[in-house]
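What's in data29.pdb: PDB, C-alpha atoms (C1' of nucleotides)
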MODEL        1
ATOM      1  CA  MET A   1       4.528  19.782  -2.817
ATOM      2  CA  ASN A   2       5.007  16.162  -1.775
ATOM      3  CA  TYR A   3       5.497  12.995  -3.753
ATOM      4  CA  TRP A   4       4.005   9.559  -3.116
ATOM      5  CA  LEU A   5       3.714   6.080  -4.491
ATOM      6  CA  PHE A   6       0.287   4.457  -4.733
ATOM      7  CA  LYS A   7       0.241   0.675  -5.020
ATOM      8  CA  SER A   8      -2.611  -1.165  -6.620
ATOM      9  CA  GLU A   9      -3.192  -4.612  -7.987
ATOM     10  CA  PRO A  10      -4.115  -4.262 -11.660
ATOM     11  CA  GLN A  11      -6.503  -7.213 -11.310
ATOM     12  CA  THR A  12      -8.468  -5.073  -8.883
ATOM     13  CA  PHE A  13      -7.849  -1.560 -10.158
ATOM     14  CA  GLY A  14      -5.129  -0.760 -12.634
ATOM     15  CA  ILE A  15      -4.054   2.386 -14.400
ATOM     16  CA  ASP A  16      -6.319   1.605 -17.333
ATOM     17  CA  ASP A  17      -9.278   1.499 -14.968
ATOM     18  CA  LEU A  18      -8.302   4.936 -13.763
ATOM     19  CA  ALA A  19      -8.028   6.154 -17.358
ATOM     20  CA  LYS A  20     -11.602   5.009 -17.952
ATOM     21  CA  SER A  21     -12.974   6.550 -14.768
ATOM     22  CA  PRO A  22     -15.100   9.709 -14.952
ATOM     23  CA  LYS A  23     -12.774  12.722 -15.102
ATOM     24  CA  ARG A  24      -9.929  10.176 -14.933
ATOM     25  CA  THR A  25     -10.370  10.497 -11.194
ATOM     26  CA  THR A  26     -11.039   7.950  -8.457
ATOM     27  CA  ALA A  27     -11.423   7.731  -4.703
ATOM     28  CA  TRP A  28      -8.484   5.683  -3.434
ATOM     29  CA  GLU A  29     -10.643   3.414  -1.313
ATOM     30  CA  GLY A  30      -9.759   0.349   0.673
ATOM     31  CA  VAL A  31      -6.636   1.415   2.519
ATOM     32  CA  ARG A  32      -6.840  -0.454   5.816
ATOM     33  CA  ASN A  33      -3.471   0.223   7.337
ATOM     34  CA  TYR A  34      -2.930   2.993   9.857
ATOM     35  CA  GLN A  35       0.426   4.142   8.574
ATOM     36  CA  ALA A  36      -0.906   4.441   5.053
ATOM     37  CA  ARG A  37      -4.031   6.186   6.302
ATOM     38  CA  ASN A  38      -1.981   8.664   8.283
ATOM     39  CA  MET A  39       0.048   9.539   5.225
ATOM     40  CA  MET A  40      -3.112  10.222   3.265
ATOM     41  CA  ARG A  41      -4.733  12.141   6.075
ATOM     42  CA  ASP A  42      -1.788  14.094   7.431
ATOM     43  CA  GLY A  43       0.676  14.203   4.598
ATOM     44  CA  MET A  44      -1.217  14.578   1.337
ATOM     45  CA  ARG A  45      -2.276  17.928   0.013
ATOM     46  CA  ALA A  46      -4.099  18.847  -3.158
ATOM     47  CA  GLY A  47      -1.579  19.119  -5.957
ATOM     48  CA  ASP A  48       0.746  16.444  -4.597
ATOM     49  CA  GLN A  49       1.997  14.063  -7.256
ATOM     50  CA  GLY A  50       2.211  10.299  -7.060
ATOM     51  CA  PHE A  51       3.433   7.287  -8.972
ATOM     52  CA  PHE A  52       0.793   4.703  -9.827
ATOM     53  CA  TYR A  53       2.395   1.320  -9.135
ATOM     54  CA  HIS A  54       1.148  -2.116 -10.152
ATOM     55  CA  SER A  55       1.819  -4.890  -7.635
ATOM     56  CA  SER A  56       1.115  -8.621  -7.486
ATOM     57  CA  CYS A  57       1.207  -9.009 -11.243
ATOM     58  CA  ASP A  58       3.468 -10.299 -14.012
ATOM     59  CA  VAL A  59       5.581  -7.174 -14.269
ATOM     60  CA  PRO A  60       5.346  -5.038 -11.150
ATOM     61  CA  GLY A  61       6.309  -1.413 -11.643
ATOM     62  CA  ILE A  62       5.382   2.223 -12.008
ATOM     63  CA  GLN A  63       2.790   2.779 -14.696
ATOM     64  CA  GLY A  64       2.251   6.500 -14.619
ATOM     65  CA  ILE A  65       1.602   9.641 -12.637
ATOM     66  CA  VAL A  66      -1.394  10.747 -10.629
ATOM     67  CA  GLU A  67      -2.258  13.920  -8.756
ATOM     68  CA  VAL A  68      -4.083  14.349  -5.464
ATOM     69  CA  VAL A  69      -7.161  16.392  -6.357
ATOM     70  CA  ARG A  70      -9.119  16.093  -3.127
ATOM     71  CA  GLU A  71      -7.680  15.912   0.355
ATOM     72  CA  ALA A  72      -8.580  13.268   2.924
ATOM     73  CA  TYR A  73     -12.207  12.495   3.726
ATOM     74  CA  PRO A  74     -13.928   9.418   5.190
ATOM     75  CA  ASP A  75     -13.757   6.172   3.207
ATOM     76  CA  ALA A  76     -17.421   5.237   2.845
ATOM     77  CA  SER A  77     -16.603   1.717   1.666
ATOM     78  CA  ALA A  78     -15.829   0.899   5.300
ATOM     79  CA  PHE A  79     -19.536   1.315   6.090
ATOM     80  CA  ASP A  80     -20.752  -0.659   3.084
ATOM     81  CA  ARG A  81     -21.627  -4.153   4.124
ATOM     82  CA  LYS A  82     -21.337  -5.341   0.534
ATOM     83  CA  SER A  83     -17.916  -3.863  -0.055
ATOM     84  CA  PRO A  84     -14.834  -6.057   0.159
ATOM     85  CA  TYR A  85     -13.410  -3.220   2.248
ATOM     86  CA  HIS A  86     -16.222  -3.277   4.783
ATOM     87  CA  ASP A  87     -15.000  -2.700   8.331
ATOM     88  CA  PRO A  88     -17.729  -3.194  10.924
ATOM     89  CA  ALA A  89     -15.493  -1.560  13.517
ATOM     90  CA  SER A  90     -15.469   1.765  11.688
ATOM     91  CA  ASP A  91     -18.111   4.035  13.180
ATOM     92  CA  PRO A  92     -19.705   6.481  10.704
ATOM     93  CA  ALA A  93     -19.800   9.075  13.484
ATOM     94  CA  ASN A  94     -16.077   8.705  13.917
ATOM     95  CA  PRO A  95     -14.697   7.193  10.718
ATOM     96  CA  ARG A  96     -11.588   5.133  11.092
ATOM     97  CA  TRP A  97     -10.534   5.089   7.458
ATOM     98  CA  MET A  98      -9.857   7.989   5.147
ATOM     99  CA  LEU A  99      -9.055   8.364   1.482
ATOM    100  CA  VAL A 100      -8.071  10.951  -1.093
ATOM    101  CA  ASP A 101      -9.145  11.432  -4.686
ATOM    102  CA  VAL A 102      -6.482  11.007  -7.322
ATOM    103  CA  LYS A 103      -6.532  11.975 -10.976
ATOM    104  CA  LEU A 104      -4.513  10.435 -13.770
ATOM    105  CA  VAL A 105      -1.935  12.874 -15.056
ATOM    106  CA  ARG A 106      -0.167  10.604 -17.478
ATOM    107  CA  LYS A 107       0.337   6.966 -18.275
ATOM    108  CA  PHE A 108       3.869   6.012 -19.245
ATOM    109  CA  ALA A 109       4.345   4.563 -22.709
ATOM    110  CA  ARG A 110       6.750   2.177 -21.054
ATOM    111  CA  PRO A 111       6.371   1.293 -17.378
ATOM    112  CA  ILE A 112       9.336   1.659 -15.052
ATOM    113  CA  THR A 113       9.571  -1.894 -13.818
ATOM    114  CA  LEU A 114      10.454  -2.977 -10.331
ATOM    115  CA  GLU A 115      13.443  -4.676 -11.901
ATOM    116  CA  ALA A 116      14.608  -1.347 -13.331
ATOM    117  CA  LEU A 117      14.116   0.379  -9.992
ATOM    118  CA  LYS A 118      16.120  -2.316  -8.261
ATOM    119  CA  ARG A 119      19.064  -1.691 -10.566
ATOM    120  CA  HIS A 120      19.468   1.561  -8.663
ATOM    121  CA  ALA A 121      18.776   0.141  -5.223
ATOM    122  CA  GLY A 122      22.427   0.483  -4.356
ATOM    123  CA  GLY A 123      22.629   4.048  -5.646
ATOM    124  CA  LYS A 124      20.163   6.846  -6.187
ATOM    125  CA  LEU A 125      17.279   4.785  -4.886
ATOM    126  CA  LYS A 126      19.031   3.197  -1.948
ATOM    127  CA  ASP A 127      16.633   4.687   0.592
ATOM    128  CA  MET A 128      13.453   4.383  -1.444
ATOM    129  CA  VAL A 129      10.765   3.075   0.889
ATOM    130  CA  VAL A 130       9.009   0.871  -1.621
ATOM    131  CA  LEU A 131      12.250  -1.000  -2.295
ATOM    132  CA  ARG A 132      12.905  -1.682   1.351
ATOM    133  CA  ARG A 133      12.937  -5.294   2.325
ATOM    134  CA  GLY A 134       9.653  -6.435   3.732
ATOM    135  CA  ASN A 135       7.823  -3.274   2.811
ATOM    136  CA  ARG A 136       4.115  -3.866   2.397
ATOM    137  CA  LEU A 137       2.689  -0.390   2.675
ATOM    138  CA  SER A 138       0.239   0.464  -0.079
ATOM    139  CA  ILE A 139       1.159   4.137   0.164
ATOM    140  CA  THR A 140       4.758   5.232   0.530
ATOM    141  CA  PRO A 141       6.506   8.590   0.413
ATOM    142  CA  VAL A 142       8.899   9.424  -2.418
ATOM    143  CA  THR A 143      11.566  12.079  -1.973
ATOM    144  CA  PRO A 144      11.908  14.887  -4.538
ATOM    145  CA  ALA A 145      15.317  13.477  -5.501
ATOM    146  CA  GLU A 146      13.871  10.005  -6.045
ATOM    147  CA  TRP A 147      10.992  11.436  -8.034
ATOM    148  CA  LYS A 148      13.304  13.358 -10.300
ATOM    149  CA  PHE A 149      15.649  10.445 -10.765
ATOM    150  CA  ILE A 150      12.882   7.981 -11.574
ATOM    151  CA  LEU A 151      11.453  10.309 -14.191
ATOM    152  CA  SER A 152      14.926  10.565 -15.697
ATOM    153  CA  ILE A 153      15.123   6.797 -16.174
ATOM    154  CA  ALA A 154      11.628   6.516 -17.669
ATOM    155  CA  GLY A 155      11.914   5.184 -21.173
ATOM    156  CA  GLU A 156      15.231   3.443 -20.613
TER
ATOM    157  C1'  DG B   1       2.141 -22.088  -4.654
ATOM    158  C1'  DC B   2       5.869 -20.731  -1.557
ATOM    159  C1'  DC B   3       7.722 -18.042   1.858
ATOM    160  C1'  DA B   4       9.610 -13.950   4.284
ATOM    161  C1'  DA B   5       8.096 -10.016   6.523
ATOM    162  C1'  DC B   6       5.146  -7.568   9.088
ATOM    163  C1'  DG B   7       0.561  -5.969  11.224
ATOM    164  C1'  DT B   8      -3.207  -7.254  14.150
ATOM    165  C1'  DT B   9      -5.573  -9.858  17.530
ATOM    166  C1'  DG B  10      -6.545 -11.769  21.824
ATOM    167  C1'  DG B  11      -5.424 -14.493  25.921
ATOM    168  C1'  DC B  12      -3.017 -13.946  29.936
TER
ATOM    169  C1'  DG C   1       1.970  -4.831  28.298
ATOM    170  C1'  DC C   2       3.733  -9.170  26.419
ATOM    171  C1'  DC C   3       3.822 -12.406  22.906
ATOM    172  C1'  DA C   4       2.154 -16.397  20.214
ATOM    173  C1'  DA C   5      -0.935 -17.242  16.634
ATOM    174  C1'  DC C   6      -2.844 -15.871  12.696
ATOM    175  C1'  DG C   7      -3.779 -13.186   8.431
ATOM    176  C1'  DT C   8      -2.094 -10.433   4.632
ATOM    177  C1'  DT C   9       1.124  -8.681   1.323
ATOM    178  C1'  DG C  10       3.778  -9.184  -2.595
ATOM    179  C1'  DG C  11       7.854 -10.810  -5.087
ATOM    180  C1'  DC C  12       9.413 -14.816  -7.042
TER
ENDMDL
END

Here is a file; write its structure as structure tokens.
Amino acid sequence: MNYWLFKSEPQTFGIDDLAKSPKRTTAWEGVRNYQARNMMRDGMRAGDQGFFYHSSCDVPGIQGIVEVVREAYPDASAFDRKSPYHDPASDPANPRWMLVDVKLVRKFARPITLEALKRHAGGKLKDMVVLRRGNRLSITPVTPAEWKFILSIAGE
DNA sequence: GCCAACGTTGGC
DNA sequence: GCCAACGTTGGC
């Protein structure tokens, strides 16, 4: 099993939106970056776990846990002219963008803030991709050790 | 709103 | 294939 971190802006789609979604499940649409797409397409398998992270908001941080419940398939929003994620260059016969379905496993009572994560940036989380300077990927891998450690500091 | 970082685009 | 210009991300 692999671990991941899914970034989302709560203004657009936050963890509470996921909680309200049918079956607490959503298609993770709108990823328009090749590295992130490749991780979804080539790296994610059903049953993988991920952190749901809020970015570009008052208190950025990890809000809860999701699970990959459907492996990569074409992102139809790329073909939807009315979607903000429309990409006229994506050919339906050969889709450029893929997505996975994720399901909410649990929302933390207390988020693990970016500030809290950074307190360990010199230690247990020193190689964590999402903490790397200049990182802008909306999907990043999390190592099993990082996963375990982050869960251990939840609720601090 | 600012700015650093980085990806993409397009002219050559 | 290079690289400058531009757009986007995301923390602050």

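Pairwise distance (CA of Val129 in chain A, CA of Ala46 in chain A) equals 22.0 Å.
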
task = At a cut-off of 9 Å, list the chain A residues touching chain C, using all atoms listed in the file, as a VMD selection string.
result = chain A and resid 55 to 56 60 135 to 137

query = Quick one, how far is CA of Thr113 in chain A from CA of Lys23 in chain A?
reply = 26.7 Å

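Across the chains present, the PyMOL selection byres ((chain A and resi 75-85) around 10) applied to this file returns A:Ala27, A:Trp28, A:Glu29, A:Gly30, A:Val31, A:Arg32, A:Ala72, A:Tyr73, A:Pro74, A:His86, A:Asp87, A:Pro88, A:Ala89, A:Ser90, A:Asp91, A:Pro92, A:Pro95, A:Arg96, A:Trp97, A:Met98, A:Leu99, A:Val100.
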
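The two atoms in question, CA of Gln63 in chain A and CA of Lys107 in chain A, are spaced 6.0 Å apart.
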
request  = Please determine the residues with any atom at most 8 Å from (10.2, -0.3, -15.2) (coordinates as given in the file, with all atoms listed in the file counting) and report them as an MDAnalysis selection string.
outcome  = chainID A and resid 60:62 110:117 154

Could you write those residues out with C-alpha atoms, as a PDB file, in the frame of the given file?
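part-v4.pdb, freshly written:
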ATOM      1  CA  PRO A  60       5.346  -5.038 -11.150  1.00  0.00           C
ATOM      2  CA  GLY A  61       6.309  -1.413 -11.643  1.00  0.00           C
ATOM      3  CA  ILE A  62       5.382   2.223 -12.008  1.00  0.00           C
ATOM      4  CA  ARG A 110       6.750   2.177 -21.054  1.00  0.00           C
ATOM      5  CA  PRO A 111       6.371   1.293 -17.378  1.00  0.00           C
ATOM      6  CA  ILE A 112       9.336   1.659 -15.052  1.00  0.00           C
ATOM      7  CA  THR A 113       9.571  -1.894 -13.818  1.00  0.00           C
ATOM      8  CA  LEU A 114      10.454  -2.977 -10.331  1.00  0.00           C
ATOM      9  CA  GLU A 115      13.443  -4.676 -11.901  1.00  0.00           C
ATOM     10  CA  ALA A 116      14.608  -1.347 -13.331  1.00  0.00           C
ATOM     11  CA  LEU A 117      14.116   0.379  -9.992  1.00  0.00           C
ATOM     12  CA  ALA A 154      11.628   6.516 -17.669  1.00  0.00           C
TER      13      ALA A 154
END

key: Pick from A:Ala93, A:Ser8, A:Gln35, A:Asp127, whichever lies nearest to Tyr53 in chain A using all atoms listed in the file   = A:Ser8

Save N, CA, C and O atoms (P, O5', C5', C4', C3', O3' and C1' of nucleotides) of chain C from the block above as a PDB file, in the first residue's frame.
ATOM      1  P    DG C   1      16.161  17.646 -28.354  1.00  0.00           P
ATOM      2  O5'  DG C   1      16.957  18.908 -28.903  1.00  0.00           O
ATOM      3  C5'  DG C   1      18.358  19.116 -28.711  1.00  0.00           C
ATOM      4  C4'  DG C   1      18.561  20.550 -28.309  1.00  0.00           C
ATOM      5  C3'  DG C   1      18.225  20.861 -26.855  1.00  0.00           C
ATOM      6  O3'  DG C   1      19.217  21.774 -26.404  1.00  0.00           O
ATOM      7  C1'  DG C   1      16.942  22.269 -28.243  1.00  0.00           C
ATOM      8  P    DC C   2      19.464  22.118 -24.918  1.00  0.00           P
ATOM      9  O5'  DC C   2      19.354  23.696 -24.997  1.00  0.00           O
ATOM     10  C5'  DC C   2      20.119  24.404 -25.972  1.00  0.00           C
ATOM     11  C4'  DC C   2      19.643  25.844 -26.011  1.00  0.00           C
ATOM     12  C3'  DC C   2      19.445  26.470 -24.634  1.00  0.00           C
ATOM     13  O3'  DC C   2      20.111  27.721 -24.623  1.00  0.00           O
ATOM     14  C1'  DC C   2      17.476  26.733 -25.953  1.00  0.00           C
ATOM     15  P    DC C   3      20.480  28.464 -23.228  1.00  0.00           P
ATOM     16  O5'  DC C   3      19.255  29.485 -23.112  1.00  0.00           O
ATOM     17  C5'  DC C   3      19.010  30.433 -24.155  1.00  0.00           C
ATOM     18  C4'  DC C   3      17.690  31.120 -23.876  1.00  0.00           C
ATOM     19  C3'  DC C   3      17.455  31.397 -22.387  1.00  0.00           C
ATOM     20  O3'  DC C   3      16.786  32.634 -22.258  1.00  0.00           O
ATOM     21  C1'  DC C   3      15.657  30.218 -23.239  1.00  0.00           C
ATOM     22  P    DA C   4      17.428  33.793 -21.386  1.00  0.00           P
ATOM     23  O5'  DA C   4      16.452  35.010 -21.731  1.00  0.00           O
ATOM     24  C5'  DA C   4      16.151  35.306 -23.096  1.00  0.00           C
ATOM     25  C4'  DA C   4      14.674  35.622 -23.217  1.00  0.00           C
ATOM     26  C3'  DA C   4      14.109  36.434 -22.055  1.00  0.00           C
ATOM     27  O3'  DA C   4      13.221  37.399 -22.604  1.00  0.00           O
ATOM     28  C1'  DA C   4      12.910  34.395 -22.256  1.00  0.00           C
ATOM     29  P    DA C   5      12.494  38.485 -21.709  1.00  0.00           P
ATOM     30  O5'  DA C   5      11.003  37.943 -21.747  1.00  0.00           O
ATOM     31  C5'  DA C   5      10.401  37.671 -23.005  1.00  0.00           C
ATOM     32  C4'  DA C   5       9.023  37.100 -22.772  1.00  0.00           C
ATOM     33  C3'  DA C   5       8.233  37.828 -21.674  1.00  0.00           C
ATOM     34  O3'  DA C   5       6.927  38.053 -22.159  1.00  0.00           O
ATOM     35  C1'  DA C   5       8.360  35.500 -21.187  1.00  0.00           C
ATOM     36  P    DC C   6       5.890  38.962 -21.332  1.00  0.00           P
ATOM     37  O5'  DC C   6       4.897  37.861 -20.762  1.00  0.00           O
ATOM     38  C5'  DC C   6       4.438  36.829 -21.645  1.00  0.00           C
ATOM     39  C4'  DC C   6       3.874  35.708 -20.813  1.00  0.00           C
ATOM     40  C3'  DC C   6       3.003  36.176 -19.636  1.00  0.00           C
ATOM     41  O3'  DC C   6       1.698  35.685 -19.850  1.00  0.00           O
ATOM     42  C1'  DC C   6       4.470  34.421 -19.010  1.00  0.00           C
ATOM     43  P    DG C   7       0.506  36.076 -18.884  1.00  0.00           P
ATOM     44  O5'  DG C   7       0.279  34.704 -18.129  1.00  0.00           O
ATOM     45  C5'  DG C   7       0.082  33.509 -18.887  1.00  0.00           C
ATOM     46  C4'  DG C   7      -0.070  32.356 -17.916  1.00  0.00           C
ATOM     47  C3'  DG C   7      -1.009  32.679 -16.747  1.00  0.00           C
ATOM     48  O3'  DG C   7      -1.840  31.542 -16.524  1.00  0.00           O
ATOM     49  C1'  DG C   7       1.129  32.056 -15.925  1.00  0.00           C
ATOM     50  P    DT C   8      -2.911  31.520 -15.368  1.00  0.00           P
ATOM     51  O5'  DT C   8      -2.206  30.614 -14.262  1.00  0.00           O
ATOM     52  C5'  DT C   8      -1.699  29.342 -14.639  1.00  0.00           C
ATOM     53  C4'  DT C   8      -1.112  28.688 -13.413  1.00  0.00           C
ATOM     54  C3'  DT C   8      -1.990  28.802 -12.159  1.00  0.00           C
ATOM     55  O3'  DT C   8      -2.046  27.499 -11.605  1.00  0.00           O
ATOM     56  C1'  DT C   8       0.191  29.588 -11.696  1.00  0.00           C
ATOM     57  P    DT C   9      -3.019  27.171 -10.373  1.00  0.00           P
ATOM     58  O5'  DT C   9      -2.006  26.901  -9.185  1.00  0.00           O
ATOM     59  C5'  DT C   9      -0.870  26.088  -9.412  1.00  0.00           C
ATOM     60  C4'  DT C   9       0.051  26.252  -8.238  1.00  0.00           C
ATOM     61  C3'  DT C   9      -0.656  26.232  -6.872  1.00  0.00           C
ATOM     62  O3'  DT C   9      -0.033  25.207  -6.127  1.00  0.00           O
ATOM     63  C1'  DT C   9       0.826  28.084  -7.037  1.00  0.00           C
ATOM     64  P    DG C  10      -0.702  24.622  -4.852  1.00  0.00           P
ATOM     65  O5'  DG C  10      -0.211  25.600  -3.725  1.00  0.00           O
ATOM     66  C5'  DG C  10       1.152  25.547  -3.339  1.00  0.00           C
ATOM     67  C4'  DG C  10       1.394  26.670  -2.384  1.00  0.00           C
ATOM     68  C3'  DG C  10       0.296  26.854  -1.316  1.00  0.00           C
ATOM     69  O3'  DG C  10       0.923  27.024  -0.086  1.00  0.00           O
ATOM     70  C1'  DG C  10       0.747  28.873  -2.345  1.00  0.00           C
ATOM     71  P    DG C  11       0.288  26.622   1.272  1.00  0.00           P
ATOM     72  O5'  DG C  11       1.325  27.321   2.235  1.00  0.00           O
ATOM     73  C5'  DG C  11       2.721  27.187   1.971  1.00  0.00           C
ATOM     74  C4'  DG C  11       3.415  28.476   2.316  1.00  0.00           C
ATOM     75  C3'  DG C  11       2.988  29.068   3.657  1.00  0.00           C
ATOM     76  O3'  DG C  11       4.154  29.507   4.332  1.00  0.00           O
ATOM     77  C1'  DG C  11       2.698  30.677   1.945  1.00  0.00           C
ATOM     78  P    DC C  12       4.167  29.796   5.880  1.00  0.00           P
ATOM     79  O5'  DC C  12       4.030  31.366   5.948  1.00  0.00           O
ATOM     80  C5'  DC C  12       5.109  32.160   5.413  1.00  0.00           C
ATOM     81  C4'  DC C  12       4.626  33.554   5.195  1.00  0.00           C
ATOM     82  C3'  DC C  12       3.808  34.110   6.358  1.00  0.00           C
ATOM     83  O3'  DC C  12       4.687  34.774   7.279  1.00  0.00           O
ATOM     84  C1'  DC C  12       3.008  34.815   4.199  1.00  0.00           C
TER      85       DC C  12
END
